[in-house]
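**Student:** Got a structure for you, structure-v6.txt, holding compact mmCIF, C-alpha atoms and all ligand atoms.
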```
# COMPACT_ATOMS: atom_id res chain seq x y z
CA MET I 1 -38.85 55.67 -84.89
CA ASN I 2 -41.60 54.15 -82.77
CA ALA I 3 -41.54 54.55 -79.01
CA ALA I 4 -40.16 51.52 -77.18
CA ALA I 5 -42.80 49.11 -75.96
CA GLU I 6 -42.95 48.11 -72.30
CA THR I 7 -42.24 44.49 -71.49
CA PRO I 8 -43.68 42.69 -68.47
CA PHE I 9 -40.19 41.98 -67.05
CA ARG I 10 -37.27 44.16 -65.93
CA TYR I 11 -33.57 43.98 -66.72
CA ARG I 12 -30.98 44.48 -64.04
CA ARG I 13 -27.92 44.80 -66.26
CA LEU I 14 -25.65 43.45 -68.95
CA ALA I 15 -23.79 40.82 -66.92
CA TYR I 16 -21.47 38.95 -69.24
CA VAL I 17 -20.37 38.34 -72.80
CA ALA I 18 -19.28 34.95 -74.17
CA LEU I 19 -16.75 34.97 -77.00
CA ASN I 20 -15.49 32.21 -79.24
CA VAL I 21 -11.71 32.34 -79.61
CA SER I 22 -9.34 30.39 -81.82
CA ASP I 23 -6.68 29.81 -79.14
CA LEU I 24 -8.05 29.65 -75.61
CA ALA I 25 -4.70 29.93 -73.81
CA ARG I 26 -3.58 32.89 -75.92
CA SER I 27 -6.83 34.81 -75.48
CA THR I 28 -6.99 34.02 -71.76
CA ALA I 29 -3.50 35.49 -71.32
CA TYR I 30 -4.44 38.57 -73.38
CA TYR I 31 -7.65 39.36 -71.49
CA ARG I 32 -5.90 38.72 -68.16
CA ASP I 33 -2.59 40.47 -68.73
CA LEU I 34 -3.36 43.26 -71.19
CA VAL I 35 -7.05 44.00 -70.67
CA GLY I 36 -6.85 43.41 -66.91
CA LEU I 37 -9.57 40.86 -66.14
CA ALA I 38 -9.10 38.26 -63.41
CA VAL I 39 -9.42 34.55 -64.20
CA SER I 40 -11.96 32.87 -61.93
CA ASP I 41 -12.13 29.53 -63.70
CA ALA I 42 -9.74 28.03 -66.25
CA ALA I 43 -10.97 24.76 -67.75
CA ALA I 44 -10.19 22.94 -70.99
CA THR I 45 -13.67 23.83 -72.22
CA HIS I 46 -13.70 27.53 -71.37
CA THR I 47 -12.20 30.35 -69.31
CA ALA I 48 -14.26 32.51 -66.96
CA LEU I 49 -12.95 36.01 -66.29
CA ARG I 50 -14.28 38.85 -64.18
CA CYS I 51 -13.91 42.55 -63.46
CA SER I 52 -16.20 42.54 -60.40
CA GLN I 53 -17.24 40.17 -57.63
CA ASP I 54 -19.37 38.29 -60.16
CA HIS I 55 -18.12 34.82 -61.01
CA HIS I 56 -17.76 36.00 -64.61
CA ASN I 57 -18.22 38.99 -66.83
CA MET I 58 -16.58 37.30 -69.82
CA LEU I 59 -16.47 33.67 -70.93
CA LEU I 60 -14.03 32.47 -73.58
CA TYR I 61 -14.74 29.28 -75.51
CA PRO I 62 -12.38 27.58 -77.96
CA ALA I 63 -13.87 27.49 -81.46
CA ALA I 64 -12.83 27.40 -85.10
CA GLN I 65 -14.42 30.79 -85.80
CA PRO I 66 -13.75 33.72 -83.46
CA GLY I 67 -16.85 35.69 -82.58
CA LEU I 68 -19.79 36.34 -80.34
CA LYS I 69 -21.25 33.26 -78.71
CA ARG I 70 -23.90 34.95 -76.58
CA VAL I 71 -24.74 37.93 -74.40
CA GLY I 72 -26.01 37.45 -70.85
CA PHE I 73 -28.45 39.87 -69.25
CA GLU I 74 -29.38 39.56 -65.61
CA LEU I 75 -33.04 40.24 -64.83
CA GLU I 76 -34.20 41.84 -61.61
CA SER I 77 -35.79 38.83 -59.96
CA ARG I 78 -36.71 35.19 -60.27
CA LYS I 79 -40.26 36.30 -60.97
CA ASP I 80 -39.04 38.49 -63.84
CA LEU I 81 -37.26 35.46 -65.28
CA GLU I 82 -40.38 33.31 -65.15
CA ILE I 83 -42.44 36.06 -66.77
CA ALA I 84 -39.74 36.63 -69.40
CA ARG I 85 -39.62 32.92 -70.29
CA ASP I 86 -43.35 32.84 -71.06
CA TYR I 87 -43.16 36.21 -72.79
CA VAL I 88 -40.26 35.25 -75.09
CA ALA I 89 -41.89 31.90 -75.88
CA GLY I 90 -45.04 33.87 -76.70
CA LEU I 91 -43.06 35.83 -79.28
CA GLY I 92 -42.60 32.54 -81.11
CA LEU I 93 -38.94 32.00 -80.18
CA LYS I 94 -37.55 28.66 -79.08
CA ILE I 95 -36.51 28.67 -75.43
CA GLU I 96 -33.29 26.80 -74.66
CA GLU I 97 -33.12 25.82 -71.02
CA ILE I 98 -29.63 25.79 -69.51
CA ALA I 99 -28.80 22.29 -68.30
CA THR I 100 -28.28 21.83 -64.56
CA GLU I 101 -24.62 20.87 -65.06
CA GLU I 102 -23.93 24.08 -66.98
CA LEU I 103 -25.73 26.20 -64.39
CA LYS I 104 -23.37 24.72 -61.80
CA THR I 105 -20.34 25.45 -63.94
CA LEU I 106 -21.49 29.02 -64.57
CA ARG I 107 -22.45 29.58 -60.91
CA THR I 108 -25.93 30.79 -61.73
CA VAL I 109 -29.19 29.36 -60.46
CA ALA I 110 -31.63 29.82 -63.32
CA GLY I 111 -31.68 31.07 -66.88
CA PHE I 112 -32.62 30.40 -70.47
CA ARG I 113 -31.36 31.32 -73.93
CA PHE I 114 -32.89 32.17 -77.27
CA HIS I 115 -31.75 33.32 -80.70
CA LEU I 116 -33.00 36.48 -82.36
CA PRO I 117 -34.45 36.29 -85.85
CA GLY I 118 -32.22 38.00 -88.41
CA SER I 119 -28.89 38.35 -86.62
CA GLY I 120 -29.13 34.94 -84.97
CA LEU I 121 -27.71 36.52 -81.81
CA CYS I 122 -28.01 34.33 -78.72
CA LEU I 123 -29.31 36.15 -75.66
CA GLU I 124 -29.32 34.66 -72.19
CA TYR I 125 -31.63 35.89 -69.47
CA PHE I 126 -30.69 34.72 -66.00
CA VAL I 127 -30.84 35.61 -62.33
CA GLN I 128 -28.37 35.29 -59.47
CA MET I 129 -24.72 34.81 -60.36
CA MET I 130 -22.43 33.74 -57.53
CA GLN I 131 -20.56 36.62 -55.92
CA LEU I 132 -17.01 35.51 -55.18
CA ALA I 133 -15.49 35.98 -51.75
CA GLN I 134 -12.43 37.77 -53.07
CA PRO I 135 -13.07 41.27 -54.42
CA PHE I 136 -11.84 42.05 -57.92
CA THR I 137 -8.43 43.65 -57.63
CA PRO I 138 -7.54 45.80 -60.64
CA THR I 139 -4.13 45.22 -62.17
CA VAL I 140 -3.22 47.09 -65.36
CA THR I 141 -6.53 49.02 -65.60
CA LYS I 142 -9.17 50.03 -63.09
CA ILE I 143 -12.07 48.36 -64.89
CA GLU I 144 -15.42 49.46 -63.57
CA ARG I 145 -17.65 47.03 -65.43
CA LEU I 146 -18.39 45.24 -68.64
CA GLY I 147 -19.97 48.19 -70.41
CA HIS I 148 -21.62 47.14 -73.63
CA VAL I 149 -21.64 44.87 -76.64
CA VAL I 150 -22.19 46.17 -80.17
CA ILE I 151 -23.10 44.17 -83.27
CA ASN I 152 -23.50 44.97 -86.94
CA VAL I 153 -26.69 43.67 -88.47
CA ALA I 154 -27.71 43.17 -92.08
CA ASP I 155 -31.35 43.99 -91.33
CA PHE I 156 -31.27 47.07 -89.12
CA ASP I 157 -35.03 47.61 -88.97
CA LEU I 158 -35.67 44.01 -87.96
CA ALA I 159 -33.07 44.22 -85.16
CA MET I 160 -34.60 47.50 -83.97
CA GLU I 161 -38.04 45.97 -83.93
CA TRP I 162 -36.87 43.05 -81.81
CA PHE I 163 -34.84 45.03 -79.32
CA THR I 164 -37.16 47.98 -78.82
CA GLN I 165 -40.66 46.76 -79.67
CA LYS I 166 -40.39 43.22 -78.33
CA LEU I 167 -37.56 42.95 -75.80
CA GLY I 168 -38.02 46.21 -73.92
CA PHE I 169 -34.75 48.03 -74.68
CA LYS I 170 -35.02 51.82 -74.84
CA VAL I 171 -33.28 53.99 -77.39
CA SER I 172 -30.96 56.59 -75.87
CA ASP I 173 -29.68 58.01 -79.17
CA PHE I 174 -29.93 56.97 -82.78
CA VAL I 175 -28.72 57.68 -86.28
CA PRO I 176 -31.63 56.66 -88.53
CA GLY I 177 -31.02 53.40 -90.34
CA PHE I 178 -27.41 53.35 -89.16
CA ALA I 179 -26.98 53.08 -85.38
CA ALA I 180 -29.01 52.79 -82.21
CA PHE I 181 -27.70 52.97 -78.65
CA LEU I 182 -29.91 50.91 -76.38
CA ARG I 183 -30.33 50.75 -72.63
CA ALA I 184 -31.54 47.64 -70.87
CA PHE I 185 -34.42 49.41 -69.18
CA PRO I 186 -34.60 50.28 -66.34
CA ASN I 187 -30.79 50.05 -66.10
CA PRO I 188 -29.66 53.70 -66.17
CA LEU I 189 -26.60 53.38 -68.45
CA HIS I 190 -26.87 55.19 -71.80
CA HIS I 191 -26.24 51.93 -73.61
CA SER I 192 -25.52 48.35 -72.65
CA PHE I 193 -26.05 47.22 -76.20
CA ALA I 194 -25.94 48.90 -79.60
CA ILE I 195 -26.69 47.91 -83.16
CA LEU I 196 -25.02 49.24 -86.26
CA THR I 197 -26.05 48.60 -89.80
CA GLY I 198 -23.77 46.29 -91.79
CA SER I 199 -23.46 44.21 -94.92
CA ASP I 200 -23.71 41.12 -92.72
CA ASN I 201 -24.26 40.14 -89.09
CA HIS I 202 -21.11 40.27 -86.96
CA LEU I 203 -19.63 41.42 -83.68
CA ASN I 204 -18.51 45.04 -83.74
CA HIS I 205 -16.91 45.36 -80.30
CA VAL I 206 -16.97 44.54 -76.61
CA ASN I 207 -16.58 47.44 -74.19
CA PHE I 208 -15.18 47.72 -70.68
CA MET I 209 -15.78 50.93 -68.77
CA VAL I 210 -12.85 52.23 -66.75
CA LYS I 211 -12.80 54.37 -63.63
CA ASP I 212 -10.33 57.02 -64.64
CA ILE I 213 -9.37 58.91 -67.78
CA ASP I 214 -5.76 57.93 -67.01
CA ASP I 215 -6.74 54.31 -67.63
CA VAL I 216 -7.49 55.20 -71.25
CA GLY I 217 -4.23 57.09 -71.76
CA ALA I 218 -2.10 54.46 -70.03
CA ALA I 219 -3.79 51.72 -72.06
CA MET I 220 -2.76 53.42 -75.28
CA ASN I 221 0.88 53.19 -74.31
CA ARG I 222 0.57 49.67 -72.89
CA MET I 223 -1.07 48.39 -76.08
CA LYS I 224 1.55 50.03 -78.26
CA LYS I 225 4.35 48.57 -76.16
CA ASN I 226 2.84 45.09 -76.52
CA GLU I 227 2.23 45.50 -80.24
CA VAL I 228 -1.54 45.43 -79.84
CA GLU I 229 -3.13 47.18 -82.79
CA ILE I 230 -5.09 50.33 -81.90
CA VAL I 231 -7.95 50.74 -84.35
CA PHE I 232 -9.78 53.88 -83.18
CA GLY I 233 -9.04 56.70 -80.77
CA PRO I 234 -8.33 57.97 -78.30
CA GLY I 235 -11.39 60.12 -78.83
CA ARG I 236 -14.77 61.16 -77.47
CA HIS I 237 -18.11 59.77 -78.63
CA GLN I 238 -20.76 62.42 -79.04
CA PRO I 239 -23.72 60.16 -78.13
CA SER I 240 -22.53 58.87 -74.76
CA GLU I 241 -19.86 61.55 -74.14
CA SER I 242 -17.43 58.71 -73.36
CA ILE I 243 -13.69 59.01 -73.90
CA PHE I 244 -12.62 55.87 -75.71
CA LEU I 245 -9.83 53.69 -77.08
CA TYR I 246 -10.37 50.67 -79.35
CA PHE I 247 -7.84 47.91 -79.92
CA LEU I 248 -7.72 44.35 -81.25
CA ASP I 249 -7.61 41.06 -79.40
CA PRO I 250 -5.49 38.11 -80.64
CA ASP I 251 -8.27 37.06 -83.06
CA ARG I 252 -8.55 40.68 -84.29
CA MET I 253 -11.89 41.17 -82.53
CA THR I 254 -12.31 44.76 -81.36
CA VAL I 255 -12.23 45.66 -77.66
CA GLU I 256 -12.93 49.09 -76.20
CA TYR I 257 -12.10 50.91 -73.00
CA SER I 258 -14.23 53.94 -72.25
CA PHE I 259 -14.49 56.45 -69.48
CA GLY I 260 -17.70 58.19 -68.52
CA MET I 261 -21.27 57.67 -69.66
CA GLU I 262 -24.55 59.51 -69.34
CA THR I 263 -27.13 57.84 -67.11
CA PHE I 264 -30.91 57.99 -67.35
CA PRO I 265 -33.57 58.05 -64.65
CA GLU I 266 -36.24 55.37 -64.85
CA HIS I 267 -38.98 57.99 -65.06
CA GLY I 268 -38.83 61.27 -66.93
CA ALA I 269 -35.79 60.38 -69.05
CA ARG I 270 -35.00 62.64 -71.97
CA GLU I 271 -36.10 61.62 -75.44
CA ALA I 272 -33.68 59.82 -77.73
CA ARG I 273 -31.65 62.27 -79.79
CA LEU I 274 -31.56 62.05 -83.54
CA LEU I 275 -27.89 62.29 -84.51
CA GLU I 276 -26.37 63.20 -87.81
CA PRO I 277 -24.53 60.37 -89.64
CA ALA I 278 -21.25 62.31 -89.68
CA PRO I 279 -17.71 61.44 -88.50
CA GLY I 280 -18.00 63.99 -85.67
CA THR I 281 -20.81 61.91 -84.15
CA LEU I 282 -18.39 59.02 -83.68
CA ASP I 283 -15.52 61.14 -82.44
CA THR I 284 -15.73 64.81 -81.59
CA TRP I 285 -11.90 64.87 -81.43
CA GLY I 286 -11.66 63.83 -85.07
CA SER I 287 -9.92 60.43 -85.01
CA VAL I 288 -10.99 57.96 -87.67
CA PRO I 289 -11.33 54.18 -87.27
CA THR I 290 -8.93 52.00 -89.23
CA PRO I 291 -10.35 49.40 -91.66
CA ALA I 292 -9.79 46.72 -89.00
CA PHE I 293 -12.20 48.38 -86.55
CA GLY I 294 -15.22 46.19 -85.71
CA LYS I 295 -14.65 43.72 -88.52
CA VAL I 296 -13.91 40.31 -86.97
CA GLY I 297 -16.39 38.23 -85.03
CA THR I 298 -18.97 35.79 -86.35
CA ILE I 299 -22.27 35.73 -84.49
CA GLU I 300 -22.79 32.11 -83.47
CA GLY I 301 -26.19 31.07 -84.72
CA ALA I 302 -26.32 33.61 -87.56
CA ALA I 303 -27.25 32.28 -90.97
CA ALA I 304 -24.14 31.84 -93.09
FE FE I 401 -18.51 51.30 -77.62
```
Can I see the file as structure tokens?
**Tutor:**
Amino acid sequence: MNAAAETPFRYRRLAYVALNVSDLARSTAYYRDLVGLAVSDAAATHTALRCSQDHHNMLLYPAAQPGLKRVGFELESRKDLEIARDYVAGLGLKIEEIATEELKTLRTVAGFRFHLPGSGLCLEYFVQMMQLAQPFTPTVTKIERLGHVVINVADFDLAMEWFTQKLGFKVSDFVPGFAAFLRAFPNPLHHSFAILTGSDNHLNHVNFMVKDIDDVGAAMNRMKKNEVEIVFGPGRHQPSESIFLYFLDPDRMTVEYSFGMETFPEHGAREARLLEPAPGTLDTWGSVPTPAFGKVGTIEGAAA
């Protein structure tokens, strides 16, 4: 594995994920009532939900195919955004400016989007999302933040090259040719994004980090009571040391709660660990994912 290349711009964080859903009202109710997000905007065209004072940490769009529409990363400053725009264009990718009307709807001031070669994944880089006056008040789960998004890719090496050599993500841990856990440098979280090898390109899961181990245990019982299918866990990931539970949304896309995660300093961080491709790497407690784990979710923009 080559060392990650430095980019001339800095990430602040993973800010939001946009999903396509087959029934907007049904998925809005699910993410509000069972996952515990708050609705900040409910329109015919989309729903905006949050787990912080941000206007949104998740956007739901009605679509024929459920899946991943895009992933939004906030950069540190307006200057970073301008540098990133030129830099990404210089990589030969087409820059899609976000129209003024959409910026207003999304309560952000500036941003652009582009699609990655191979997976087709749409990334958005933006700065400054409106902070709402009302704090986020947890309901069923004390959600701390949108934690990470994971995709399966048909061409693992190509995805690695783009994320680490071109877009400045750093590898925290990896299983050669199988999985890489990536931090949006210099954001300290062990991973905000991860790629897994796959027979095709698709969403694997969307993660929300919770504040308390009790949130994971209580969620297991709440999901069971509401006939939500649990597809992996509870367990503990070796790479991030997180305690986790995975379950399905109404379109059978996989959602995760996790508690705890290693953080990295900007300077002097440990090297990425090379992990064995063994079941114990995924769960040191020994649970095994069901066949439905991480299966559903087309990547919008991926080649069919
Ligand atoms: Fe995860």
**Student:** Give as number ranges by chain every residue, naming chains and numbers as the document does, that has an atom within 8 Å of (-5.7, 47.5, -89.4), counting only C-alpha atoms.
**Tutor:** I: 229, 231, 290-293
**Student:** Using all atoms listed in the file, which residues sit within 7 Å of Ser40 in chain I once same-chain residues fewer than 2 positions away are excluded, as an MDAnalysis selection string?
**Tutor:** chainID I and resid 38 42 48:50 55
**Student:** Within 7 Å of (-29.3, 43.8, -65.6) (coordinates as in the file), grab all the protein and nucleic acid residues, counting only C-alpha atoms, and write them out as a list in words.
**Tutor:**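 Those within range, by chain then number, are Tyr11, Arg12, Arg13, Leu14, Ala15, Phe73, Glu74, Leu75, Glu76, Ala184 and Asn187 of chain I.
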**Student:** Considering only C-alpha atoms and all ligand atoms, give me a table of residues in chain I that are at most 10 Å from ligand FE 401 (chain I), with the closest atom pair and distance in Å for each, as JSON lines.
**Tutor:**
```
{"residue": "I:Gly147", "atom": "CA", "partner": "I:FE401", "partner_atom": "FE", "distance": 8.0}
{"residue": "I:His148", "atom": "CA", "partner": "I:FE401", "partner_atom": "FE", "distance": 6.5}
{"residue": "I:Val149", "atom": "CA", "partner": "I:FE401", "partner_atom": "FE", "distance": 7.2}
{"residue": "I:Val150", "atom": "CA", "partner": "I:FE401", "partner_atom": "FE", "distance": 6.8}
{"residue": "I:Phe181", "atom": "CA", "partner": "I:FE401", "partner_atom": "FE", "distance": 9.4}
{"residue": "I:His191", "atom": "CA", "partner": "I:FE401", "partner_atom": "FE", "distance": 8.7}
{"residue": "I:Ser192", "atom": "CA", "partner": "I:FE401", "partner_atom": "FE", "distance": 9.1}
{"residue": "I:Phe193", "atom": "CA", "partner": "I:FE401", "partner_atom": "FE", "distance": 8.7}
{"residue": "I:Ala194", "atom": "CA", "partner": "I:FE401", "partner_atom": "FE", "distance": 8.1}
{"residue": "I:Asn204", "atom": "CA", "partner": "I:FE401", "partner_atom": "FE", "distance": 8.8}
{"residue": "I:His205", "atom": "CA", "partner": "I:FE401", "partner_atom": "FE", "distance": 6.7}
{"residue": "I:Val206", "atom": "CA", "partner": "I:FE401", "partner_atom": "FE", "distance": 7.0}
{"residue": "I:Asn207", "atom": "CA", "partner": "I:FE401", "partner_atom": "FE", "distance": 5.5}
{"residue": "I:Phe208", "atom": "CA", "partner": "I:FE401", "partner_atom": "FE", "distance": 8.5}
{"residue": "I:Met209", "atom": "CA", "partner": "I:FE401", "partner_atom": "FE", "distance": 9.3}
{"residue": "I:His237", "atom": "CA", "partner": "I:FE401", "partner_atom": "FE", "distance": 8.5}
{"residue": "I:Ser240", "atom": "CA", "partner": "I:FE401", "partner_atom": "FE", "distance": 9.0}
{"residue": "I:Ser242", "atom": "CA", "partner": "I:FE401", "partner_atom": "FE", "distance": 8.6}
{"residue": "I:Ile243", "atom": "CA", "partner": "I:FE401", "partner_atom": "FE", "distance": 9.8}
{"residue": "I:Phe244", "atom": "CA", "partner": "I:FE401", "partner_atom": "FE", "distance": 7.7}
{"residue": "I:Leu245", "atom": "CA", "partner": "I:FE401", "partner_atom": "FE", "distance": 9.0}
{"residue": "I:Tyr246", "atom": "CA", "partner": "I:FE401", "partner_atom": "FE", "distance": 8.3}
{"residue": "I:Thr254", "atom": "CA", "partner": "I:FE401", "partner_atom": "FE", "distance": 9.8}
{"residue": "I:Val255", "atom": "CA", "partner": "I:FE401", "partner_atom": "FE", "distance": 8.4}
{"residue": "I:Glu256", "atom": "CA", "partner": "I:FE401", "partner_atom": "FE", "distance": 6.2}
{"residue": "I:Tyr257", "atom": "CA", "partner": "I:FE401", "partner_atom": "FE", "distance": 7.9}
{"residue": "I:Ser258", "atom": "CA", "partner": "I:FE401", "partner_atom": "FE", "distance": 7.4}
{"residue": "I:Leu282", "atom": "CA", "partner": "I:FE401", "partner_atom": "FE", "distance": 9.8}
```
**Student:** Excluding Arg85 in chain I and any residue of its chain fewer than 2 positions from it, enumerate the residues within 9 Å of it, using only C-alpha atoms, and give them as a VMD selection string.
**Tutor:** chain I and resid 80 to 83 87 to 90 95 111 to 112 125
**Student:** Suppose we keep C-alpha atoms; can you now write the selection as a short mmCIF file (atom, residue, chain, number, x, y, z; two decimals), in the coordinates of the input?
**Tutor:**
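What follows is the written file again-v1.cif:
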```
data_model
loop_
_atom_site.label_atom_id
_atom_site.label_comp_id
_atom_site.auth_asym_id
_atom_site.auth_seq_id
_atom_site.Cartn_x
_atom_site.Cartn_y
_atom_site.Cartn_z
CA ASP I 80 -39.04 38.49 -63.84
CA LEU I 81 -37.26 35.46 -65.28
CA GLU I 82 -40.38 33.31 -65.15
CA ILE I 83 -42.44 36.06 -66.77
CA TYR I 87 -43.16 36.21 -72.79
CA VAL I 88 -40.26 35.25 -75.09
CA ALA I 89 -41.89 31.90 -75.88
CA GLY I 90 -45.04 33.87 -76.70
CA ILE I 95 -36.51 28.67 -75.43
CA GLY I 111 -31.68 31.07 -66.88
CA PHE I 112 -32.62 30.40 -70.47
CA TYR I 125 -31.63 35.89 -69.47
#
```
**Student:** Which residues are close to Thr105 in chain I, i.e. within 12 Å by only C-alpha atoms, leaving aside same-chain residues fewer than 6 positions away? Reply as a tab-separated table (two decimals) with C-alpha atoms, in the coordinates of the input.
**Tutor:**
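Result file is result-v2.tsv:
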```tsv
chain	number	residue	atom	x	y	z
I	40	SER	CA	-11.96	32.87	-61.93
I	41	ASP	CA	-12.13	29.53	-63.70
I	42	ALA	CA	-9.74	28.03	-66.25
I	43	ALA	CA	-10.97	24.76	-67.75
I	45	THR	CA	-13.67	23.83	-72.22
I	46	HIS	CA	-13.70	27.53	-71.37
I	47	THR	CA	-12.20	30.35	-69.31
I	48	ALA	CA	-14.26	32.51	-66.96
I	55	HIS	CA	-18.12	34.82	-61.01
I	56	HIS	CA	-17.76	36.00	-64.61
I	59	LEU	CA	-16.47	33.67	-70.93
I	98	ILE	CA	-29.63	25.79	-69.51
I	99	ALA	CA	-28.80	22.29	-68.30
I	129	MET	CA	-24.72	34.81	-60.36
I	130	MET	CA	-22.43	33.74	-57.53
```
**Student:** Using all atoms of range 52-66 of chain I listed in the file and a margin of 5 Å per side, can you give the axis-aligned box centre and edge lengths in Å to one decimal, as AutoDock Vina command-line options?
**Tutor:**
```
--center_x -15.9 --center_y 35.0 --center_z -71.7 --size_x 17.0 --size_y 25.1 --size_z 38.2
```
**Student:** In Å, with one decimal, what is the gap from CA of Pro279 in chain I to CA of Asp214 in chain I?
**Tutor:**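 Computed distance, CA of Pro279 in chain I to CA of Asp214 in chain I, equals 24.8 Å.
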**Student:** Pick the closest to Pro234 in chain I from I:Ala25, I:Val288, I:Leu182, I:Leu248: which is it, counting all atoms listed in the file?
**Tutor:**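 Counting all atoms listed in the file, the residue closest to Pro234 in chain I is I:Val288.
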**Student:** Smallest atom-to-atom distance to Asp215 in chain I: which of I:Met58, I:Val35, I:Leu91, I:Ala269, using all atoms listed in the file?
**Tutor:** I:Val35
**Student:** With the input short on atoms, add N, CA and C atoms back to range 134-153 of chain I and write it as a short mmCIF file (atom, residue, chain, number, x, y, z; two decimals), keeping the file's coordinate frame.
**Tutor:**
```cif
data_model
loop_
_atom_site.label_atom_id
_atom_site.label_comp_id
_atom_site.auth_asym_id
_atom_site.auth_seq_id
_atom_site.Cartn_x
_atom_site.Cartn_y
_atom_site.Cartn_z
N GLN I 134 -13.52 36.82 -52.84
CA GLN I 134 -12.43 37.77 -53.07
C GLN I 134 -12.91 38.92 -53.95
N PRO I 135 -12.71 40.17 -53.51
CA PRO I 135 -13.07 41.27 -54.42
C PRO I 135 -12.18 41.27 -55.65
N PHE I 136 -12.66 41.88 -56.72
CA PHE I 136 -11.84 42.05 -57.92
C PHE I 136 -10.76 43.09 -57.61
N THR I 137 -9.53 42.72 -57.86
CA THR I 137 -8.43 43.65 -57.63
C THR I 137 -7.87 44.08 -58.97
N PRO I 138 -8.04 45.36 -59.33
CA PRO I 138 -7.54 45.80 -60.64
C PRO I 138 -6.02 45.65 -60.74
N THR I 139 -5.57 45.34 -61.94
CA THR I 139 -4.13 45.22 -62.17
C THR I 139 -3.67 46.34 -63.11
N VAL I 140 -3.72 46.09 -64.42
CA VAL I 140 -3.22 47.09 -65.36
C VAL I 140 -4.21 48.24 -65.58
N THR I 141 -5.50 48.00 -65.35
CA THR I 141 -6.53 49.02 -65.60
C THR I 141 -7.61 48.91 -64.55
N LYS I 142 -8.09 50.05 -64.09
CA LYS I 142 -9.17 50.03 -63.09
C LYS I 142 -10.51 49.86 -63.83
N ILE I 143 -10.82 48.63 -64.17
CA ILE I 143 -12.07 48.36 -64.89
C ILE I 143 -13.24 48.51 -63.93
N GLU I 144 -14.24 49.24 -64.40
CA GLU I 144 -15.42 49.46 -63.57
C GLU I 144 -16.47 48.38 -63.82
N ARG I 145 -16.65 48.04 -65.08
CA ARG I 145 -17.65 47.03 -65.43
C ARG I 145 -17.53 46.66 -66.90
N LEU I 146 -18.11 45.50 -67.23
CA LEU I 146 -18.39 45.24 -68.64
C LEU I 146 -19.43 46.27 -69.06
N GLY I 147 -19.11 47.05 -70.10
CA GLY I 147 -19.97 48.19 -70.41
C GLY I 147 -21.05 47.89 -71.44
N HIS I 148 -20.63 47.43 -72.59
CA HIS I 148 -21.62 47.14 -73.63
C HIS I 148 -21.05 46.23 -74.70
N VAL I 149 -21.97 45.70 -75.48
CA VAL I 149 -21.64 44.87 -76.64
C VAL I 149 -22.33 45.51 -77.83
N VAL I 150 -21.62 45.57 -78.96
CA VAL I 150 -22.19 46.17 -80.17
C VAL I 150 -22.07 45.17 -81.32
N ILE I 151 -23.14 45.04 -82.09
CA ILE I 151 -23.10 44.17 -83.27
C ILE I 151 -23.50 44.96 -84.51
N ASN I 152 -23.01 44.50 -85.65
CA ASN I 152 -23.50 44.97 -86.94
C ASN I 152 -24.57 43.99 -87.41
N VAL I 153 -25.61 44.53 -87.99
CA VAL I 153 -26.69 43.67 -88.47
C VAL I 153 -27.03 44.01 -89.92
#
```
